[in-house]
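K.L.:
Below is the file data-v8.txt, which contains compact mmCIF, C-alpha atoms.
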# COMPACT_ATOMS: atom_id res chain seq x y z
CA LEU A 1 111.44 97.67 80.40
CA THR A 2 112.72 95.03 82.83
CA VAL A 3 114.89 95.98 85.81
CA THR A 4 117.01 93.20 87.29
CA GLY A 5 119.80 95.27 88.88
CA THR A 6 120.05 98.35 91.08
CA LEU A 7 118.71 101.81 90.22
CA ARG A 8 119.42 104.78 92.50
CA PHE A 9 117.47 108.03 92.38
CA THR A 10 118.06 111.58 93.57
CA SER A 11 115.37 113.69 95.21
CA ASN A 12 112.64 114.83 92.81
CA SER A 13 113.38 112.02 90.36
CA GLY A 14 111.50 108.82 89.62
CA ILE A 15 109.93 106.61 86.95
CA VAL A 16 106.78 107.21 84.87
CA VAL A 17 105.09 104.23 83.20
CA ARG A 18 103.08 105.82 80.40
CA ARG A 19 99.89 104.45 78.86
CA GLY A 20 100.77 101.43 76.77
CA GLY A 21 104.02 100.91 78.70
CA ARG A 22 105.22 98.06 80.91
CA LEU A 23 107.74 98.06 83.72
CA HIS A 24 108.82 94.79 85.39
CA VAL A 25 111.05 95.06 88.44
CA ASN A 26 112.22 91.45 88.29
CA GLY A 27 114.35 91.02 91.39
CA GLY A 28 115.59 94.57 90.93
CA TYR A 29 116.48 97.06 93.64
CA LEU A 30 115.09 100.62 93.48
CA THR A 31 116.44 102.98 96.12
CA ARG A 32 117.76 106.48 96.78
CA CYS A 33 121.23 107.83 96.19
CA GLU A 34 123.45 108.35 99.20
CA ASP A 35 122.89 111.60 101.11
CA THR A 36 119.47 111.94 99.45
CA GLY A 37 116.03 112.19 101.01
CA TYR A 38 113.08 110.40 99.48
CA TRP A 39 112.99 109.89 95.72
CA ASP A 40 109.64 110.38 93.98
CA GLY A 41 108.72 106.75 93.24
CA ILE A 42 106.91 105.15 90.29
CA VAL A 43 103.91 106.71 88.58
CA VAL A 44 101.70 104.32 86.59
CA GLU A 45 99.36 106.07 84.16
CA GLY A 46 95.91 104.64 83.49
CA ASN A 47 92.89 105.46 81.36
CA LYS A 48 89.69 106.09 83.30
CA ASN A 49 87.59 105.38 80.19
CA LEU A 50 88.92 101.85 79.57
CA PRO A 51 89.13 98.63 81.60
CA GLN A 52 92.62 97.58 82.59
CA PRO A 53 94.49 95.27 80.19
CA ASN A 54 95.70 91.75 80.96
CA VAL A 55 98.66 92.19 83.30
CA PHE A 56 100.70 89.60 81.39
CA ALA A 57 99.96 91.00 77.91
CA VAL A 58 101.33 94.00 76.03
CA PRO A 59 98.86 96.88 76.50
CA GLY A 60 97.54 98.92 73.62
CA PRO A 61 98.80 102.50 73.23
CA ASN A 62 95.77 103.97 75.02
CA GLU A 63 95.45 101.28 77.68
CA ALA A 64 96.71 101.59 81.23
CA GLY A 65 100.40 101.28 81.92
CA ILE A 66 101.45 98.16 83.82
CA LEU A 67 103.84 97.84 86.73
CA ARG A 68 104.94 94.37 87.80
CA SER A 69 107.40 93.51 90.55
CA SER A 70 108.49 90.03 91.57
CA ASN A 71 111.27 87.66 92.64
CA GLY A 72 112.44 89.54 95.70
CA ALA A 73 112.22 93.03 94.20
CA VAL A 74 112.88 95.91 96.61
CA ILE A 75 111.38 99.40 96.38
CA GLU A 76 112.61 101.62 99.18
CA TRP A 77 113.06 105.20 100.38
CA ALA A 78 110.41 106.63 98.05
CA ARG A 79 108.06 109.45 98.92
CA HIS A 80 105.20 107.64 97.19
CA ALA A 81 106.63 104.34 95.97
CA ILE A 82 103.73 103.65 93.56
CA SER A 83 101.09 106.12 92.36
CA ALA A 84 98.39 104.87 89.97
CA ASN A 85 97.75 108.26 88.43
CA THR A 86 99.56 110.72 86.19
CA TYR A 87 102.71 112.59 87.10
CA ASN A 88 101.86 116.05 85.86
CA PRO A 89 99.34 117.44 86.43
CA TRP A 90 98.39 115.00 89.21
CA TRP A 91 94.76 116.23 89.26
CA ASP A 92 94.11 115.05 85.68
CA ASP A 93 91.64 112.24 86.47
CA THR A 94 91.66 110.88 82.90
CA TYR A 95 94.95 109.12 83.71
CA ARG A 96 93.74 107.22 86.76
CA GLY A 97 93.55 103.43 86.82
CA GLY A 98 97.17 102.35 86.34
CA LEU A 99 97.62 98.58 86.83
CA VAL A 100 99.92 97.36 89.62
CA TYR A 101 100.76 93.68 90.16
CA CYS A 102 103.33 93.03 92.89
CA THR A 103 104.43 89.61 94.09
CA ASP A 104 107.28 88.72 96.45
CA THR A 105 108.25 92.38 96.81
CA GLU A 106 109.73 94.37 99.71
CA PHE A 107 108.49 97.92 100.32
CA LEU A 108 110.92 99.40 102.84
CA ASN A 109 111.20 102.81 104.51
CA ASN A 110 108.80 104.55 102.15
CA PHE A 111 106.76 107.57 103.22
CA ARG A 112 103.83 105.82 101.49
CA SER A 113 104.09 102.59 99.53
CA ALA A 114 101.15 102.90 97.13
CA SER A 115 98.17 105.09 96.31
CA PHE A 116 95.16 104.46 94.08
CA MET A 117 92.71 107.12 92.93
CA SER A 118 89.10 106.99 91.75
CA TYR A 119 88.56 104.50 88.90
CA ASP A 120 85.14 103.13 87.86
CA PHE A 121 86.14 99.84 86.24
CA THR A 122 87.23 96.81 88.29
CA ASN A 123 90.74 97.40 89.57
CA ASN A 124 92.84 94.27 89.09
CA SER A 125 95.85 95.50 91.06
CA ARG A 126 97.35 92.91 93.43
CA PHE A 127 99.84 92.65 96.29
CA ILE A 128 100.76 89.00 96.81
CA ASP A 129 103.41 87.81 99.30
CA CYS A 130 104.62 91.37 99.80
CA ASN A 131 106.23 92.94 102.84
CA PHE A 132 105.72 96.56 103.90
CA ASP A 133 108.07 97.63 106.67
CA ILE A 134 110.03 100.46 108.27
CA THR A 135 113.48 99.17 109.15
CA ASP A 136 115.23 102.51 109.72
CA PRO A 137 114.05 104.79 112.56
CA SER A 138 114.76 107.86 110.43
CA ALA A 139 111.87 106.82 108.15
CA SER A 140 109.36 107.44 110.96
CA PRO A 141 106.92 109.01 111.22
CA ASN A 142 105.59 107.95 107.81
CA LEU A 143 102.20 108.44 106.18
CA GLY A 144 101.36 104.73 105.90
CA GLY A 145 101.20 101.70 103.64
CA VAL A 146 98.56 101.74 100.88
CA SER A 147 95.77 104.27 100.36
CA ILE A 148 92.78 103.58 98.12
CA TRP A 149 90.09 106.03 97.08
CA GLU A 150 86.91 105.12 95.21
CA THR A 151 88.05 102.07 93.28
CA ASP A 152 87.02 98.43 93.74
CA GLY A 153 88.79 95.11 93.33
CA ILE A 154 92.33 95.57 94.73
CA GLU A 155 93.55 92.47 96.56
CA PHE A 156 96.06 91.95 99.36
CA ASN A 157 97.08 88.31 99.59
CA SER A 158 99.45 86.86 102.21
CA SER A 159 101.18 90.21 102.78
CA ASP A 160 102.69 91.73 105.92
CA PHE A 161 102.65 95.31 107.24
CA SER A 162 104.86 96.58 110.06
CA GLN A 163 105.66 99.94 111.65
CA MET A 164 103.22 102.01 109.58
CA THR A 165 102.74 105.23 111.56
CA ASN A 166 99.14 106.03 110.60
CA PHE A 167 97.72 103.08 108.67
CA ALA A 168 98.67 99.92 106.88
CA ILE A 169 95.72 100.05 104.47
CA GLU A 170 93.38 103.03 104.22
CA ALA A 171 90.31 102.89 101.98
CA VAL A 172 87.69 105.57 101.31
CA ASP A 173 84.61 104.55 99.30
CA ALA A 174 86.55 101.52 98.05
CA GLY A 175 86.02 97.77 97.89
CA MET A 176 88.97 95.42 98.38
CA SER A 177 89.92 91.93 99.56
CA ILE A 178 92.42 91.11 102.30
CA ILE A 179 93.01 87.35 102.36
CA ASN A 180 95.30 84.44 103.16
CA GLY A 181 97.07 85.44 106.33
CA CYS A 182 97.89 89.13 105.95
CA THR A 183 99.46 90.46 109.15
CA PHE A 184 99.58 93.92 110.74
CA ASN A 185 102.24 94.63 113.36
CA SER A 186 102.88 97.87 115.27
CA CYS A 187 100.76 99.95 112.88
CA GLY A 188 98.73 103.01 113.92
CA GLN A 189 95.76 101.29 112.26
CA GLY A 190 95.77 97.99 110.43
CA ILE A 191 92.78 98.54 108.16
CA ASN A 192 90.91 101.84 108.07
CA SER A 193 87.85 101.72 105.81
CA GLU A 194 85.60 104.76 105.51
CA VAL A 195 82.57 105.63 103.41
CA THR A 196 80.93 108.89 102.52
CA TYR A 197 77.19 109.42 102.23
CA PRO A 198 75.71 108.29 99.98
CA PHE A 199 77.96 105.24 99.66
CA SER A 200 79.69 105.74 96.31
CA SER A 201 81.33 102.34 95.87
CA GLY A 202 79.55 99.26 94.56
CA ALA A 203 81.72 96.70 96.35
CA GLY A 204 82.49 96.06 100.00
CA LEU A 205 85.46 95.25 102.18
CA TYR A 206 86.17 91.54 102.45
CA VAL A 207 88.54 90.30 105.14
CA GLY A 208 88.78 86.54 105.22
CA PRO A 209 90.90 83.44 104.75
CA GLY A 210 90.22 83.06 101.03
CA GLY A 211 90.88 79.34 101.35
CA GLY A 212 94.12 79.92 103.28
CA ALA A 213 95.27 81.21 106.66
CA GLN A 214 93.26 83.65 108.73
CA ASN A 215 94.34 87.28 108.68
In structure tokens, how does this file's structure come out?
P.N.:
Amino acid sequence: LTVTGTLRFTSNSGIVVRRGGRLHVNGGYLTRCEDTGYWDGIVVEGNKNLPQPNVFAVPGPNEAGILRSSNGAVIEWARHAISANTYNPWWDDTYRGGLVYCTDTEFLNNFRSASFMSYDFTNNSRFIDCNFDITDPSASPNLGGVSIWETDGIEFNSSDFSQMTNFAIEAVDAGMSIINGCTFNSCGQGINSEVTYPFSSGAGLYVGPGGGAQN
């Protein structure tokens, strides 16, 4: 499914990308209906027992669902704009590891923009040239930008975070890369990385230029 226009959602409604499915928000605009609070956001199902597929290929029926956004796409006013898990029941860990690949995308006025749960294979999710911001005072306080738990490999590349109440990026037992001039403005915390004992993640946190501008 490719979205190029505007989709509006009521409270307690959203999109589920099932295993084997693909959603491309190609310059599309996902927002709430008028006189509505947050909509639910996009759930991307994965498969904890398989590596993620090629983001540009058609996944097999049991492979992780794929969410792509690009070309000025906007995802706004969602409770959890992207969740790489299953919709119901959310505690079913066999559906973790959904693949998310966002470029040139605006995340605006969301309670949380993305969350990733425990997944043992390399996580190839990416946020490239994305903007995370709160532009309406009524969207504060918010939870934060992106939370990551116990999965390695997610990359933030040349992306900007502003007005996140608690955190821009929060990682627990997770390895990730933050490269090429990412910025953090007026956030409670820019990057919050925590580990439990014993350290349960095989990769570390890398913050560096990656051949481009300093963060």
K.L.:
Starting from the point (104.7, 108.7, 104.7), work out which residues of protein, DNA or RNA have an atom no more than 6 Å away when counting only C-alpha atoms; state them as a PyMOL selection string.
P.N.:
chain A and resi 111-112+142-144
K.L.:
State, in Å with one decimal place, the distance from CA of Ala168 in chain A to CA of Phe184 in chain A.
P.N.:
7.2 Å
K.L.:
Neighbouring residues of Thr6 in chain A were defined as those with any atom within 9 Å, considering all atoms listed in the file; residues of the same chain fewer than 2 positions away were excluded. Please report them as a list in words.
P.N.:
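Near Thr6 in chain A, the qualifying residues are Val3, Thr4, Arg8, Gly28, Tyr29, Leu30 and Thr31 of chain A.
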K.L.:
Please build the interface table for range 111-148 of chain A against range 74-83 of chain A with a cut-off of 10 Å, listing for each qualifying residue the nearest atom pair and the distance in Å to one decimal; count only C-alpha atoms, order rows by chain and increasing number, and write it as JSON lines.
P.N.:
{"residue": "A:Phe111", "atom": "CA", "partner": "A:Arg79", "partner_atom": "CA", "distance": 4.9}
{"residue": "A:Arg112", "atom": "CA", "partner": "A:His80", "partner_atom": "CA", "distance": 4.9}
{"residue": "A:Ser113", "atom": "CA", "partner": "A:Ala81", "partner_atom": "CA", "distance": 4.7}
{"residue": "A:Ala114", "atom": "CA", "partner": "A:Ile82", "partner_atom": "CA", "distance": 4.5}
{"residue": "A:Ser115", "atom": "CA", "partner": "A:Ser83", "partner_atom": "CA", "distance": 5.0}
{"residue": "A:Phe116", "atom": "CA", "partner": "A:Ser83", "partner_atom": "CA", "distance": 6.4}
{"residue": "A:Met117", "atom": "CA", "partner": "A:Ser83", "partner_atom": "CA", "distance": 8.5}
{"residue": "A:Cys130", "atom": "CA", "partner": "A:Val74", "partner_atom": "CA", "distance": 10.0}
{"residue": "A:Asn131", "atom": "CA", "partner": "A:Val74", "partner_atom": "CA", "distance": 9.6}
{"residue": "A:Phe132", "atom": "CA", "partner": "A:Glu76", "partner_atom": "CA", "distance": 9.8}
{"residue": "A:Asp133", "atom": "CA", "partner": "A:Glu76", "partner_atom": "CA", "distance": 9.6}
{"residue": "A:Ile134", "atom": "CA", "partner": "A:Glu76", "partner_atom": "CA", "distance": 9.5}
{"residue": "A:Asp136", "atom": "CA", "partner": "A:Trp77", "partner_atom": "CA", "distance": 10.0}
{"residue": "A:Ala139", "atom": "CA", "partner": "A:Trp77", "partner_atom": "CA", "distance": 8.0}
{"residue": "A:Asn142", "atom": "CA", "partner": "A:Arg79", "partner_atom": "CA", "distance": 9.3}
{"residue": "A:Leu143", "atom": "CA", "partner": "A:Arg79", "partner_atom": "CA", "distance": 9.4}
{"residue": "A:Gly144", "atom": "CA", "partner": "A:His80", "partner_atom": "CA", "distance": 10.0}
{"residue": "A:Gly145", "atom": "CA", "partner": "A:His80", "partner_atom": "CA", "distance": 9.6}
{"residue": "A:Val146", "atom": "CA", "partner": "A:Ile82", "partner_atom": "CA", "distance": 9.2}
{"residue": "A:Ser147", "atom": "CA", "partner": "A:Ser83", "partner_atom": "CA", "distance": 9.8}
K.L.:
Write a file of the just-selected residues containing C-alpha atoms, as a PDB file, in the coordinates of the input.
P.N.:
ATOM      1  CA  PHE A 111     106.760 107.570 103.220  1.00  0.00           C
ATOM      2  CA  ARG A 112     103.830 105.820 101.490  1.00  0.00           C
ATOM      3  CA  SER A 113     104.090 102.590  99.530  1.00  0.00           C
ATOM      4  CA  ALA A 114     101.150 102.900  97.130  1.00  0.00           C
ATOM      5  CA  SER A 115      98.170 105.090  96.310  1.00  0.00           C
ATOM      6  CA  PHE A 116      95.160 104.460  94.080  1.00  0.00           C
ATOM      7  CA  MET A 117      92.710 107.120  92.930  1.00  0.00           C
ATOM      8  CA  CYS A 130     104.620  91.370  99.800  1.00  0.00           C
ATOM      9  CA  ASN A 131     106.230  92.940 102.840  1.00  0.00           C
ATOM     10  CA  PHE A 132     105.720  96.560 103.900  1.00  0.00           C
ATOM     11  CA  ASP A 133     108.070  97.630 106.670  1.00  0.00           C
ATOM     12  CA  ILE A 134     110.030 100.460 108.270  1.00  0.00           C
ATOM     13  CA  ASP A 136     115.230 102.510 109.720  1.00  0.00           C
ATOM     14  CA  ALA A 139     111.870 106.820 108.150  1.00  0.00           C
ATOM     15  CA  ASN A 142     105.590 107.950 107.810  1.00  0.00           C
ATOM     16  CA  LEU A 143     102.200 108.440 106.180  1.00  0.00           C
ATOM     17  CA  GLY A 144     101.360 104.730 105.900  1.00  0.00           C
ATOM     18  CA  GLY A 145     101.200 101.700 103.640  1.00  0.00           C
ATOM     19  CA  VAL A 146      98.560 101.740 100.880  1.00  0.00           C
ATOM     20  CA  SER A 147      95.770 104.270 100.360  1.00  0.00           C
TER      21      SER A 147
END
K.L.:
Give me, as a CSV table (one decimal) with C-alpha atoms, keeping the file's coordinate frame, all polymer residues having an atom no more than 9 Å from Ser138 in chain A, counting all atoms listed in the file and skipping those fewer than 3 positions away in the same chain.
P.N.:
chain,number,residue,atom,x,y,z
A,109,ASN,CA,111.2,102.8,104.5
A,135,THR,CA,113.5,99.2,109.2
A,141,PRO,CA,106.9,109.0,111.2
K.L.:
Please report the interatomic distance between CA of Arg126 in chain A and CA of Ser140 in chain A in Å with one decimal.
P.N.:
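Straight-line distance from CA of Arg126 in chain A to CA of Ser140 in chain A works out to 25.7 Å.
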K.L.:
Using all atoms listed in the file, which of the listed residues (A:Thr165, A:Asn26, A:Gln189, A:Ser177) sits closest to Thr103 in chain A?
P.N.:
A:Asn26
K.L.:
Excluding Ile148 in chain A and any residue of its chain fewer than 3 positions from it, enumerate the residues within 10 Å of it, using only C-alpha atoms, and give them as a PyMOL selection string.
P.N.:
chain A and resi 84+114-118+151-152+154+169-176+193
K.L.:
Can you tell me how far CA of Thr122 in chain A sits from CA of Leu99 in chain A, in Å to one decimal?
P.N.:
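A separation of 10.6 Å between them.
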K.L.:
Tell me which protein, DNA and RNA residues are within 7 Å of Leu1 in chain A, counting all atoms listed in the file, leaving out same-chain ones fewer than 4 positions away, and put them as a list in words.
P.N.:
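Neighbouring residues, sequence-local ones excluded: Arg22, Leu23 and His24 of chain A.
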K.L.:
My list of candidates is A:Asn123, A:Ser11, A:Asn85, A:Asn54. Which is closest to Ile42 in chain A when distances are computed with all atoms listed in the file?
P.N.:
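Ranked by minimum distance to Ile42 in chain A, first place goes to A:Asn85.
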K.L.:
At a cut-off of 9 Å, using all atoms listed in the file, what residues contact range 63-67 of chain A? Leave out same-chain residues fewer than 3 positions from it and give the result as a VMD selection string.
P.N.:
chain A and resid 17 to 25 42 44 to 48 50 to 53 55 to 56 58 to 60 82 95 to 102
K.L.:
From the list A:Thr2, A:Phe127, A:Tyr38, A:Asn157, which residue is nearest Cys182 in chain A when using all atoms listed in the file?
P.N.:
A:Asn157
K.L.:
Hey, can I get the axis-aligned box for range 53-66 of chain A? All listed atoms, 6 Å padding on each side, centre and edge lengths in Å to one decimal, as JSON.
P.N.:
{"center_x": 98.0, "center_y": 96.8, "center_z": 78.5, "size_x": 19.0, "size_y": 26.4, "size_z": 22.6}
K.L.:
With distances taken over all atoms listed in the file, which of A:Asp160, A:Glu150, A:Glu155, A:Asp40 is nearest to Asp129 in chain A?
P.N.:
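Ranking A:Asp160, A:Glu150, A:Glu155, A:Asp40 by distance to Asp129 in chain A, first place goes to A:Asp160.
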